[in-house]
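For reference, target34.cif (mmCIF, C-alpha atoms):
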```cif
data_input
loop_
_atom_site.label_atom_id
_atom_site.label_comp_id
_atom_site.auth_asym_id
_atom_site.auth_seq_id
_atom_site.Cartn_x
_atom_site.Cartn_y
_atom_site.Cartn_z
CA MET A 1 -16.50 24.60 -34.55
CA ALA A 2 -14.93 24.17 -37.90
CA GLU A 3 -15.86 26.21 -40.92
CA LYS A 4 -14.14 25.60 -44.19
CA ASP A 5 -16.21 25.85 -47.32
CA SER A 6 -19.48 27.03 -45.87
CA ALA A 7 -20.60 27.00 -42.25
CA PRO A 8 -22.50 23.76 -41.59
CA THR A 9 -25.99 23.95 -40.23
CA PRO A 10 -26.45 22.43 -36.75
CA THR A 11 -28.04 19.39 -38.38
CA GLU A 12 -25.08 18.91 -40.70
CA TYR A 13 -22.68 19.45 -37.82
CA ILE A 14 -24.32 16.81 -35.63
CA ALA A 15 -24.75 14.40 -38.53
CA HIS A 16 -21.07 14.76 -39.33
CA HIS A 17 -20.05 14.09 -35.74
CA LEU A 18 -22.28 11.03 -35.58
CA THR A 19 -20.82 9.43 -38.69
CA ASN A 20 -18.21 6.75 -38.27
CA LEU A 21 -15.15 6.46 -40.44
CA THR A 22 -16.37 3.48 -42.46
CA PHE A 23 -14.30 1.18 -44.61
CA GLY A 24 -16.13 -1.20 -46.90
CA LYS A 25 -17.28 -2.36 -50.29
CA ARG A 26 -18.79 0.44 -52.35
CA PRO A 27 -21.87 -0.26 -54.51
CA ASP A 28 -19.63 -0.30 -57.60
CA GLY A 29 -17.62 -3.16 -56.11
CA SER A 30 -14.47 -1.24 -55.12
CA TRP A 31 -13.16 -1.18 -51.52
CA GLY A 32 -12.34 2.00 -49.63
CA PHE A 33 -13.34 4.58 -47.05
CA ALA A 34 -16.81 6.06 -47.34
CA SER A 35 -16.64 9.79 -48.00
CA SER A 36 -20.20 10.50 -46.84
CA ALA A 37 -22.83 9.10 -44.52
CA GLU A 38 -24.89 7.97 -47.49
CA GLU A 39 -21.99 6.09 -48.98
CA ALA A 40 -21.34 4.45 -45.62
CA ALA A 41 -24.98 3.39 -45.43
CA GLN A 42 -24.82 1.97 -48.97
CA MET A 43 -21.92 -0.28 -48.00
CA GLY A 44 -24.32 -2.24 -45.83
CA PHE A 45 -23.02 -5.57 -44.51
CA TRP A 46 -19.51 -5.45 -45.99
CA SER A 47 -18.26 -2.51 -43.99
CA VAL A 48 -16.52 -1.82 -40.71
CA HIS A 49 -16.29 1.20 -38.43
CA VAL A 50 -12.55 1.71 -38.51
CA ASP A 51 -12.48 4.60 -36.02
CA SER A 52 -14.46 2.82 -33.29
CA LEU A 53 -12.48 -0.37 -33.75
CA ALA A 54 -9.12 1.42 -33.74
CA TRP A 55 -9.87 3.54 -30.69
CA ALA A 56 -11.34 0.55 -28.84
CA VAL A 57 -8.32 -1.62 -29.56
CA GLY A 58 -5.92 1.23 -28.76
CA LEU A 59 -7.59 2.01 -25.46
CA GLY A 60 -7.68 -1.69 -24.58
CA LEU A 61 -3.96 -1.86 -25.25
CA VAL A 62 -3.46 1.21 -23.03
CA PHE A 63 -5.30 -0.64 -20.28
CA LEU A 64 -3.29 -3.81 -20.73
CA PHE A 65 -0.01 -1.91 -20.96
CA LEU A 66 -0.63 0.10 -17.77
CA PHE A 67 -1.66 -2.94 -15.78
CA TRP A 68 1.07 -5.06 -17.28
CA LEU A 69 3.61 -2.44 -16.20
CA ALA A 70 2.35 -2.76 -12.64
CA ALA A 71 2.13 -6.55 -12.88
CA ARG A 72 5.68 -6.85 -14.21
CA ARG A 73 7.16 -5.15 -11.15
CA ALA A 74 4.65 -6.49 -8.64
CA THR A 75 6.34 -7.72 -5.49
CA ALA A 76 5.16 -8.45 -1.99
CA GLY A 77 7.39 -5.59 -0.80
CA VAL A 78 6.44 -1.97 -0.29
CA PRO A 79 4.50 -0.80 -3.40
CA GLY A 80 5.10 2.55 -5.09
CA MET A 81 2.42 5.10 -5.91
CA PHE A 82 1.59 3.68 -9.34
CA GLN A 83 1.65 0.13 -8.03
CA SER A 84 -0.68 1.07 -5.17
CA ALA A 85 -3.15 2.76 -7.51
CA ILE A 86 -3.28 -0.26 -9.82
CA GLU A 87 -3.54 -2.63 -6.88
CA ALA A 88 -6.40 -0.61 -5.39
CA ILE A 89 -8.36 -1.16 -8.63
CA VAL A 90 -7.46 -4.85 -8.73
CA GLU A 91 -8.47 -5.24 -5.10
CA PHE A 92 -11.76 -3.47 -5.77
CA VAL A 93 -12.55 -5.71 -8.74
CA ASP A 94 -11.50 -8.80 -6.82
CA THR A 95 -13.81 -8.09 -3.86
CA THR A 96 -16.69 -6.93 -6.06
CA THR A 97 -16.61 -10.00 -8.30
CA LYS A 98 -16.12 -12.32 -5.31
CA ASP A 99 -19.19 -10.85 -3.62
CA ILE A 100 -21.34 -11.45 -6.69
CA PHE A 101 -19.66 -14.60 -7.95
CA PRO A 102 -18.62 -16.81 -5.02
CA HIS A 103 -17.58 -19.81 -7.15
CA LYS A 104 -14.01 -20.67 -7.93
CA ASN A 105 -13.22 -19.48 -11.43
CA PRO A 106 -9.94 -17.92 -12.57
CA TRP A 107 -11.54 -16.05 -15.47
CA VAL A 108 -14.32 -13.99 -13.95
CA ALA A 109 -12.21 -11.49 -12.02
CA PRO A 110 -9.82 -10.75 -14.93
CA MET A 111 -12.86 -10.41 -17.17
CA GLY A 112 -14.39 -7.94 -14.72
CA LEU A 113 -11.17 -5.93 -14.63
CA THR A 114 -10.95 -5.90 -18.41
CA ILE A 115 -14.54 -4.70 -18.75
CA LEU A 116 -14.25 -2.08 -16.02
CA ILE A 117 -11.08 -0.41 -17.25
CA TRP A 118 -11.60 -0.90 -20.96
CA VAL A 119 -15.16 0.44 -20.90
CA PHE A 120 -14.05 3.24 -18.58
CA LEU A 121 -11.28 4.31 -20.95
CA MET A 122 -13.63 4.16 -23.94
CA ASN A 123 -16.17 6.27 -22.03
CA LEU A 124 -13.43 8.65 -20.95
CA MET A 125 -12.92 9.75 -24.54
CA ASP A 126 -16.29 11.46 -24.18
CA LEU A 127 -14.64 14.12 -22.02
CA VAL A 128 -12.30 15.14 -24.83
CA PRO A 129 -13.94 18.22 -26.40
CA VAL A 130 -16.03 16.95 -29.30
CA ASP A 131 -14.30 18.98 -32.03
CA TRP A 132 -10.64 18.47 -31.23
CA VAL A 133 -9.85 15.05 -32.60
CA PRO A 134 -12.34 15.06 -35.52
CA ASN A 135 -10.95 18.39 -36.74
CA ILE A 136 -7.34 17.29 -36.43
CA PHE A 137 -8.17 14.26 -38.57
CA ARG A 138 -10.28 16.24 -40.96
CA TYR A 139 -7.99 19.17 -41.73
CA TRP A 140 -4.51 17.84 -40.97
CA LEU A 141 -4.79 14.20 -41.93
CA ASN A 142 -7.56 14.48 -44.50
CA VAL A 143 -9.70 11.86 -42.80
CA PRO A 144 -13.34 12.88 -43.21
CA TYR A 145 -14.85 11.28 -40.10
CA MET A 146 -13.52 10.37 -36.69
CA LYS A 147 -15.70 9.26 -33.79
CA ILE A 148 -13.36 8.84 -30.87
CA VAL A 149 -15.79 7.47 -28.27
CA PRO A 150 -16.22 3.79 -29.14
CA THR A 151 -19.01 3.27 -26.61
CA THR A 152 -21.24 5.78 -28.42
CA ASN A 153 -21.28 3.23 -31.22
CA VAL A 154 -23.96 0.60 -30.63
CA SER A 155 -21.90 -1.96 -32.56
CA VAL A 156 -19.12 -1.64 -30.00
CA THR A 157 -21.37 -1.99 -26.96
CA PHE A 158 -23.06 -4.96 -28.59
CA GLY A 159 -19.64 -6.41 -29.36
CA VAL A 160 -18.68 -6.43 -25.68
CA ALA A 161 -22.16 -7.57 -24.60
CA ILE A 162 -22.09 -10.46 -27.11
CA GLY A 163 -18.72 -11.46 -25.72
CA VAL A 164 -20.22 -11.60 -22.24
CA PHE A 165 -23.28 -13.41 -23.60
CA LEU A 166 -21.13 -16.11 -25.19
CA ILE A 167 -19.39 -16.63 -21.85
CA VAL A 168 -22.82 -16.92 -20.17
CA ILE A 169 -23.94 -19.52 -22.75
CA TYR A 170 -20.68 -21.42 -22.37
CA TYR A 171 -20.97 -21.69 -18.60
CA SER A 172 -24.69 -22.54 -18.81
CA PHE A 173 -23.82 -25.54 -20.97
CA LYS A 174 -20.79 -26.46 -18.95
CA ARG A 175 -22.51 -26.36 -15.57
CA LYS A 176 -25.95 -27.72 -16.47
CA GLY A 177 -25.29 -29.72 -19.61
CA PRO A 178 -27.35 -29.14 -22.79
CA GLY A 179 -30.35 -30.95 -21.24
CA GLY A 180 -30.15 -29.01 -18.02
CA PHE A 181 -29.81 -25.72 -19.83
CA LEU A 182 -32.76 -26.54 -22.06
CA ALA A 183 -34.79 -27.68 -19.04
CA GLU A 184 -34.05 -24.38 -17.37
CA LEU A 185 -35.34 -22.56 -20.42
CA ALA A 186 -38.44 -24.73 -20.89
CA PHE A 187 -39.67 -25.78 -17.43
CA HIS A 188 -39.16 -22.67 -15.44
CA PRO A 189 -41.95 -20.16 -14.77
CA PHE A 190 -44.89 -22.49 -15.51
CA PRO A 191 -45.21 -26.29 -15.15
CA LYS A 192 -43.95 -28.61 -17.88
CA PHE A 193 -47.11 -28.65 -19.99
CA ALA A 194 -46.50 -24.98 -20.85
CA ALA A 195 -43.02 -25.66 -22.14
CA PRO A 196 -43.34 -23.67 -25.40
CA VAL A 197 -44.60 -20.61 -23.52
CA ASN A 198 -41.86 -21.04 -20.96
CA PHE A 199 -39.26 -21.38 -23.67
CA VAL A 200 -40.33 -18.15 -25.35
CA LEU A 201 -40.40 -16.28 -22.04
CA GLU A 202 -37.06 -17.61 -20.86
CA SER A 203 -35.40 -17.04 -24.21
CA VAL A 204 -36.50 -13.43 -24.12
CA THR A 205 -35.12 -13.18 -20.57
CA LEU A 206 -31.86 -14.68 -21.74
CA LEU A 207 -31.56 -12.47 -24.81
CA ALA A 208 -32.55 -9.40 -22.83
CA LYS A 209 -29.30 -9.73 -20.91
CA PRO A 210 -26.86 -8.77 -23.67
CA VAL A 211 -29.35 -6.36 -25.22
CA SER A 212 -29.84 -4.49 -21.97
CA LEU A 213 -26.08 -4.50 -21.31
CA ALA A 214 -25.34 -3.07 -24.74
CA LEU A 215 -28.16 -0.56 -24.95
CA ARG A 216 -27.71 0.78 -21.43
CA LEU A 217 -24.08 1.66 -22.05
CA PHE A 218 -24.73 2.91 -25.57
CA GLY A 219 -27.74 4.99 -24.53
CA ASN A 220 -25.96 6.73 -21.69
CA LEU A 221 -22.86 7.56 -23.69
CA TYR A 222 -24.71 8.46 -26.88
CA ALA A 223 -26.98 10.86 -25.00
CA GLY A 224 -23.96 12.32 -23.22
CA GLU A 225 -22.12 12.89 -26.45
CA MET A 226 -25.19 14.37 -28.09
CA ILE A 227 -25.49 16.93 -25.31
CA PHE A 228 -21.81 17.81 -25.66
CA MET A 229 -22.47 18.44 -29.37
CA LEU A 230 -25.49 20.63 -28.65
CA ILE A 231 -23.38 22.63 -26.22
CA ALA A 232 -20.67 22.88 -28.87
CA ILE A 233 -23.20 24.38 -31.28
CA LEU A 234 -23.87 27.12 -28.73
CA PHE A 235 -20.23 28.21 -28.95
CA SER A 236 -20.65 29.50 -32.49
CA ALA A 237 -24.13 31.02 -32.02
CA SER A 238 -23.46 34.27 -30.13
CA ILE A 239 -21.25 35.55 -27.31
CA ALA A 240 -24.01 35.26 -24.71
CA LEU A 241 -24.85 31.71 -25.78
CA ALA A 242 -21.16 30.83 -25.93
CA LEU A 243 -20.74 31.97 -22.31
CA LEU A 244 -23.76 29.88 -21.38
CA GLY A 245 -22.16 27.04 -23.32
CA VAL A 246 -18.98 27.33 -21.24
CA VAL A 247 -20.97 26.94 -18.03
CA LEU A 248 -23.05 24.09 -19.45
CA GLN A 249 -19.98 22.33 -20.83
CA LEU A 250 -18.33 22.46 -17.43
CA MET A 251 -21.41 21.23 -15.58
CA TRP A 252 -22.16 18.47 -18.05
CA ALA A 253 -18.54 17.32 -18.08
CA LEU A 254 -18.47 17.17 -14.30
CA PHE A 255 -21.71 15.22 -14.23
CA HIS A 256 -20.47 13.01 -17.01
CA ILE A 257 -17.45 11.92 -14.98
CA LEU A 258 -19.94 10.16 -12.72
CA VAL A 259 -21.79 8.59 -15.67
CA ILE A 260 -18.57 7.32 -17.22
CA VAL A 261 -17.41 5.52 -14.09
CA LEU A 262 -20.85 4.32 -13.15
CA GLN A 263 -21.62 2.81 -16.56
CA ALA A 264 -18.29 0.98 -16.65
CA PHE A 265 -18.96 -0.34 -13.15
CA ILE A 266 -22.54 -1.39 -13.99
CA PHE A 267 -21.33 -3.23 -17.10
CA MET A 268 -18.81 -5.15 -15.01
CA VAL A 269 -21.25 -5.95 -12.21
CA LEU A 270 -24.07 -7.10 -14.51
CA SER A 271 -21.72 -9.25 -16.58
CA THR A 272 -20.58 -10.92 -13.37
CA VAL A 273 -24.18 -11.33 -12.20
CA TYR A 274 -25.16 -13.00 -15.50
CA ILE A 275 -22.25 -15.42 -15.29
CA ALA A 276 -23.12 -16.15 -11.66
CA GLN A 277 -26.68 -16.96 -12.78
CA ALA A 278 -25.31 -19.25 -15.46
CA TYR A 279 -23.36 -21.02 -12.71
CA GLU A 280 -26.42 -21.69 -10.56
CA VAL A 281 -27.46 -25.31 -10.81
CA PRO A 282 -31.08 -25.94 -9.71
CA GLU A 283 -31.13 -28.28 -6.73
CA GLU A 284 -34.57 -29.88 -7.08
CA ASN A 285 -34.44 -31.01 -10.72
CA GLY A 286 -30.89 -32.08 -11.32
CA HIS A 287 -30.96 -32.97 -15.04
CA MET B 1 -28.00 -0.04 -36.97
CA VAL B 2 -25.46 -2.48 -35.68
CA ASN B 3 -22.44 -2.83 -37.91
CA PHE B 4 -21.81 -6.56 -37.97
CA TRP B 5 -18.07 -6.65 -38.55
CA THR B 6 -17.40 -3.90 -36.03
CA MET B 7 -19.36 -5.89 -33.48
CA ILE B 8 -17.53 -9.13 -34.29
CA GLY B 9 -14.21 -7.26 -34.16
CA ILE B 10 -15.00 -5.89 -30.74
CA SER B 11 -16.14 -9.30 -29.48
CA VAL B 12 -12.92 -10.93 -30.67
CA THR B 13 -10.89 -8.07 -29.20
CA PHE B 14 -12.75 -8.51 -25.94
CA PHE B 15 -11.86 -12.18 -25.73
CA ILE B 16 -8.23 -11.49 -26.59
CA PHE B 17 -8.02 -8.76 -23.95
CA VAL B 18 -9.57 -11.01 -21.30
CA LEU B 19 -7.11 -13.74 -22.29
CA ILE B 20 -4.11 -11.42 -22.02
CA CYS B 21 -5.42 -10.01 -18.74
CA ARG B 22 -5.91 -13.53 -17.37
CA ALA B 23 -2.49 -14.67 -18.55
CA PHE B 24 -0.14 -11.76 -17.89
CA VAL B 25 -1.83 -9.09 -15.80
CA TRP B 26 -4.12 -10.55 -13.18
CA PRO B 27 -2.06 -13.39 -11.64
CA PRO B 28 1.15 -11.43 -10.90
CA LEU B 29 -0.82 -8.60 -9.32
CA ILE B 30 -3.17 -10.71 -7.23
CA ASN B 31 -0.36 -13.06 -6.19
CA ALA B 32 1.84 -10.18 -5.11
CA MET B 33 -1.05 -8.70 -3.16
CA ARG B 34 -1.83 -11.99 -1.45
CA ALA B 35 1.85 -12.56 -0.66
CA ARG B 36 2.04 -9.08 0.84
CA GLN B 37 -1.09 -9.74 2.86
CA GLU B 38 0.52 -12.93 4.14
CA ARG B 39 3.70 -11.05 4.93
CA ILE B 40 1.90 -8.30 6.80
CA ALA B 41 -0.10 -10.85 8.78
CA GLN B 42 3.10 -12.73 9.55
CA GLY B 43 4.81 -9.49 10.50
CA LEU B 44 2.02 -8.50 12.84
CA GLU B 45 2.05 -11.93 14.43
CA ASN B 46 5.81 -11.76 14.84
CA ALA B 47 5.54 -8.30 16.33
CA GLU B 48 3.02 -9.58 18.82
CA LYS B 49 5.26 -12.50 19.71
CA ALA B 50 8.25 -10.20 20.05
CA GLU B 51 6.24 -7.91 22.29
CA GLU B 52 5.31 -10.83 24.49
CA ALA B 53 8.92 -11.97 24.62
CA LEU B 54 10.00 -8.45 25.44
CA ALA B 55 7.51 -8.20 28.27
CA LYS B 56 8.68 -11.54 29.61
CA SER B 57 12.35 -10.66 29.43
CA ASN B 58 11.59 -7.29 30.99
CA ALA B 59 9.97 -9.04 33.90
CA ASP B 60 12.92 -11.45 34.13
CA ALA B 61 15.34 -8.59 34.01
CA GLU B 62 13.48 -6.79 36.75
CA VAL B 63 13.62 -9.83 38.98
CA LEU B 64 17.33 -10.24 38.28
CA LEU B 65 17.93 -6.57 38.86
CA ARG B 66 16.06 -6.63 42.13
CA ASP B 67 18.06 -9.68 43.28
CA ALA B 68 21.29 -8.08 42.17
CA ARG B 69 20.44 -4.87 43.96
CA ALA B 70 19.61 -6.73 47.15
CA GLU B 71 22.81 -8.73 46.86
CA GLY B 72 24.77 -5.55 46.26
CA GLN B 73 23.18 -3.91 49.24
CA ARG B 74 24.04 -6.91 51.37
CA ILE B 75 27.65 -6.89 50.18
CA ILE B 76 27.97 -3.17 50.78
CA GLU B 77 26.62 -3.52 54.28
CA GLN B 78 28.94 -6.42 54.99
CA ALA B 79 31.89 -4.44 53.62
CA ARG B 80 30.89 -1.45 55.69
CA ALA B 81 30.69 -3.57 58.83
CA GLN B 82 34.04 -5.13 58.05
CA ALA B 83 35.54 -1.74 57.36
CA THR B 84 34.24 -0.43 60.67
CA MET B 85 35.73 -3.44 62.38
CA VAL B 86 39.09 -2.97 60.69
CA VAL B 87 39.16 0.71 61.52
CA ASP B 88 38.26 0.01 65.14
CA ASP B 89 40.95 -2.63 65.34
CA ALA B 90 43.45 -0.25 63.83
CA LYS B 91 42.42 2.48 66.22
CA ASP B 92 42.80 0.19 69.23
CA HIS B 93 46.10 -1.00 67.92
CA ALA B 94 47.30 2.52 67.35
CA ARG B 95 46.20 3.61 70.77
CA GLU B 96 48.00 0.70 72.41
CA GLU B 97 51.08 1.36 70.36
CA GLY B 98 50.98 5.02 71.21
CA GLU B 99 50.62 4.27 74.87
CA ARG B 100 53.45 1.82 74.71
CA ILE B 101 55.69 4.33 72.98
CA LEU B 102 54.68 7.00 75.45
CA THR B 103 55.43 4.78 78.42
CA ALA B 104 58.81 3.85 76.98
CA ALA B 105 59.60 7.47 76.29
CA ARG B 106 58.56 8.46 79.76
CA ALA B 107 60.75 5.74 81.27
CA GLU B 108 63.65 6.88 79.15
CA VAL B 109 63.13 10.46 80.19
CA THR B 110 63.07 9.47 83.87
CA GLN B 111 66.21 7.47 83.31
CA GLU B 112 67.87 10.41 81.57
CA VAL B 113 66.84 12.74 84.39
CA ASN B 114 68.24 10.36 86.96
CA ARG B 115 71.41 9.98 85.02
CA ALA B 116 71.76 13.72 84.65
CA ARG B 117 71.02 14.22 88.31
CA GLU B 118 73.70 11.67 89.19
CA SER B 119 76.22 13.26 86.91
CA LEU B 120 75.32 16.72 88.22
CA ARG B 121 75.73 15.50 91.75
CA GLN B 122 79.19 14.18 91.01
CA GLU B 123 80.04 17.33 89.17
CA VAL B 124 78.91 19.44 92.10
CA ALA B 125 80.86 17.28 94.53
CA TYR B 126 83.90 17.65 92.39
CA LEU B 127 83.35 21.35 92.09
CA ALA B 128 82.81 21.61 95.83
CA VAL B 129 85.99 19.73 96.50
CA VAL B 130 87.86 21.83 93.99
CA GLY B 131 86.36 24.98 95.50
CA ALA B 132 87.08 23.90 99.00
CA SER B 133 90.59 22.91 98.08
CA ARG B 134 91.08 26.31 96.48
CA ILE B 135 89.76 27.95 99.61
CA LEU B 136 91.54 25.85 102.05
CA SER B 137 94.61 25.45 99.86
CA SER B 138 96.30 22.41 100.94
CA GLU B 139 94.58 22.12 104.29
CA ILE B 140 92.31 19.53 103.26
CA ASP B 141 93.70 16.28 102.15
CA ARG B 142 91.74 14.60 99.48
CA ARG B 143 92.23 11.24 100.86
CA LYS B 144 91.53 12.21 104.46
CA HIS B 145 88.37 13.92 103.78
CA SER B 146 87.02 11.76 101.05
CA ALA B 147 84.59 10.03 103.41
CA MET B 148 83.18 13.33 104.47
CA LEU B 149 82.98 14.47 100.84
CA ASP B 150 81.16 11.35 99.81
CA ASN B 151 78.64 12.04 102.52
CA LEU B 152 78.25 15.51 101.23
CA VAL B 153 77.77 14.26 97.67
CA ARG B 154 75.07 11.82 98.77
CA GLU B 155 73.22 14.58 100.54
CA LEU B 156 73.09 16.79 97.50
#
```

Any chance you could give the structure as structure tokens?
Amino acid sequence: MAEKDSAPTPTEYIAHHLTNLTFGKRPDGSWGFASSAEEAAQMGFWSVHVDSLAWAVGLGLVFLFLFWLAARRATAGVPGMFQSAIEAIVEFVDTTTKDIFPHKNPWVAPMGLTILIWVFLMNLMDLVPVDWVPNIFRYWLNVPYMKIVPTTNVSVTFGVAIGVFLIVIYYSFKRKGPGGFLAELAFHPFPKFAAPVNFVLESVTLLAKPVSLALRLFGNLYAGEMIFMLIAILFSASIALALLGVVLQLMWALFHILVIVLQAFIFMVLSTVYIAQAYEVPEENGH
Amino acid sequence: MVNFWTMIGISVTFFIFVLICRAFVWPPLINAMRARQERIAQGLENAEKAEEALAKSNADAEVLLRDARAEGQRIIEQARAQATMVVDDAKDHAREEGERILTAARAEVTQEVNRARESLRQEVAYLAVVGASRILSSEIDRRKHSAMLDNLVREL
């Protein structure tokens, strides 16, 4: 843990690690990076979490670069080790999405792959010890805040979930037409006379999809990161607690490997399921 | 609290990533994999066909080999029989020839013996006459006694 001016209290430490590097419009009208959590909060609407966005974009580019490398040299001949590894992932995504989404659509499988690997890489940053990168930025580069796990930021998980949600809406309209989509929302659980009730219920169901996608991922990763921080506090408490912290860190990191992969997989599967539901055209009503 | 512009940024990024993945990453990989699958299936099929062909040609070869072996055996036996015949012929021939030579030699020997006997007889007669003439000096006239001497020679 870093001590410079005065040792931070655990509360200060955690609060610091939970603050995003925020760029925005200060109350006095000037633009710049917020130097404290309060200032970041004051920026309100006209602000952006630069660290989450940069790490998310960077990790996405890592994903695309790795897979593009494999794709560039892909041949039907004997694949190398790297090629085989990439192809195993592609094969896995292809079969998984085909199982859930049996329709012909050239976008769903690439979308699943993008979600799986991108979310996985963003989650993976959680295994980097919580102090390393923030301290490098803080003391070497003079950047006050640096949250390196984009998926512990609810804005990021909502960003991906909204992307999926827009795809769901698009295919609902495309497959059922505006009337059909509306009919699905209004005439579903109860008969037609209860259309307003139906509409409220179905809208909630519809909106629950991106919300659950976003909050599930965010909750898992946020809780994971929080526990890593609590363990990190142990390191500076006493030797006995630090030793306990070493054991806990190891155990939690090992367990977290499972969480990281599982959450990425769940995000991909549920996104595919939601799009598959959007594709389903009711037989009895037509439109 | 959700930061609006971060969320929008991530959504836009998400769409761009999916687009890039769809355009440049997914198709080459999946196409290569499908092509390889096709190739492996084709290869297995070909291997099966080749195996069948091999089995068939093995069977054919065995039949041919068996025929060839039988034919060879037949030819060898024929050759052996012929050889036996030739050798027998040669033996007979040789025996006959030998006998012929032997007979001729024997006849020659007999002839030689007779000739020698004749010559010896004349020699002895001559020697007897010479001896007698030496003994009797001139008492015996060659011409007078030649008939007697001839008799003597014949009796020898």

* Contacts of region 279-281 of chain A at 12 Å or less, counting only C-alpha atoms, minus same-chain residues fewer than 2 places along, as an MDAnalysis selection string? -> chainID A and resid 100:105 108 167:177 180:181 183:184 272:277 283:287

* Counting all atoms listed in the file, which of A:Val128, A:Leu113, A:Ile266, A:Ala240 gets nearest to Ala214 (chain A)? -> A:Ile266

* To do: Could you tell me which residues the PyMOL selection byres ((chain B) within 12 of (chain A)) grabs in this file, written as a count of residues only?
  => 40

* Asked: Any chance you could work out the residue set of the PyMOL selection byres ((chain A and resi 198) around 12) here, as a ChimeraX atom specification?
  -> /A:182-197,199-206

* Using the chain letters and residue numbers of this document, give as a PyMOL selection string the residues selected by the PyMOL selection byres ((chain A and resi 253) around 10). => chain A and resi 126-129+224+228+247-252+254-259

* For CA of Val129 (chain B) and CA of Val113 (chain B), the interatomic separation in Å (one decimal) ->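 Those two atoms sit 23.7 Å apart.
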
* Asked: When you draw a straight line from CA of Ser35 (chain A) to CA of Val143 (chain A), how long is it in Å?
  -> 8.9 Å

* Give the answer as one residue: which of A:Asp28, A:Trp55, A:Arg138, A:Leu207 has the shortest atom-to-atom distance to Met43 (chain A), using only C-alpha atoms? =>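 Closest to Met43 (chain A), using only C-alpha atoms: A:Asp28.
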
* Could you check how far CA of Ala41 (chain B) sits from CA of Phe82 (chain A), in Å to one decimal? =>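 So the answer is 23.3 Å.
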
Hey, could you pull the box centre and edge lengths for region 239-243 of chain A, axis-aligned, 4 Å padding per side, all listed atoms, to one decimal in Å, as JSON?
```
{"center_x": -22.8, "center_y": 33.2, "center_z": -24.8, "size_x": 12.1, "size_y": 12.7, "size_z": 13.0}
```
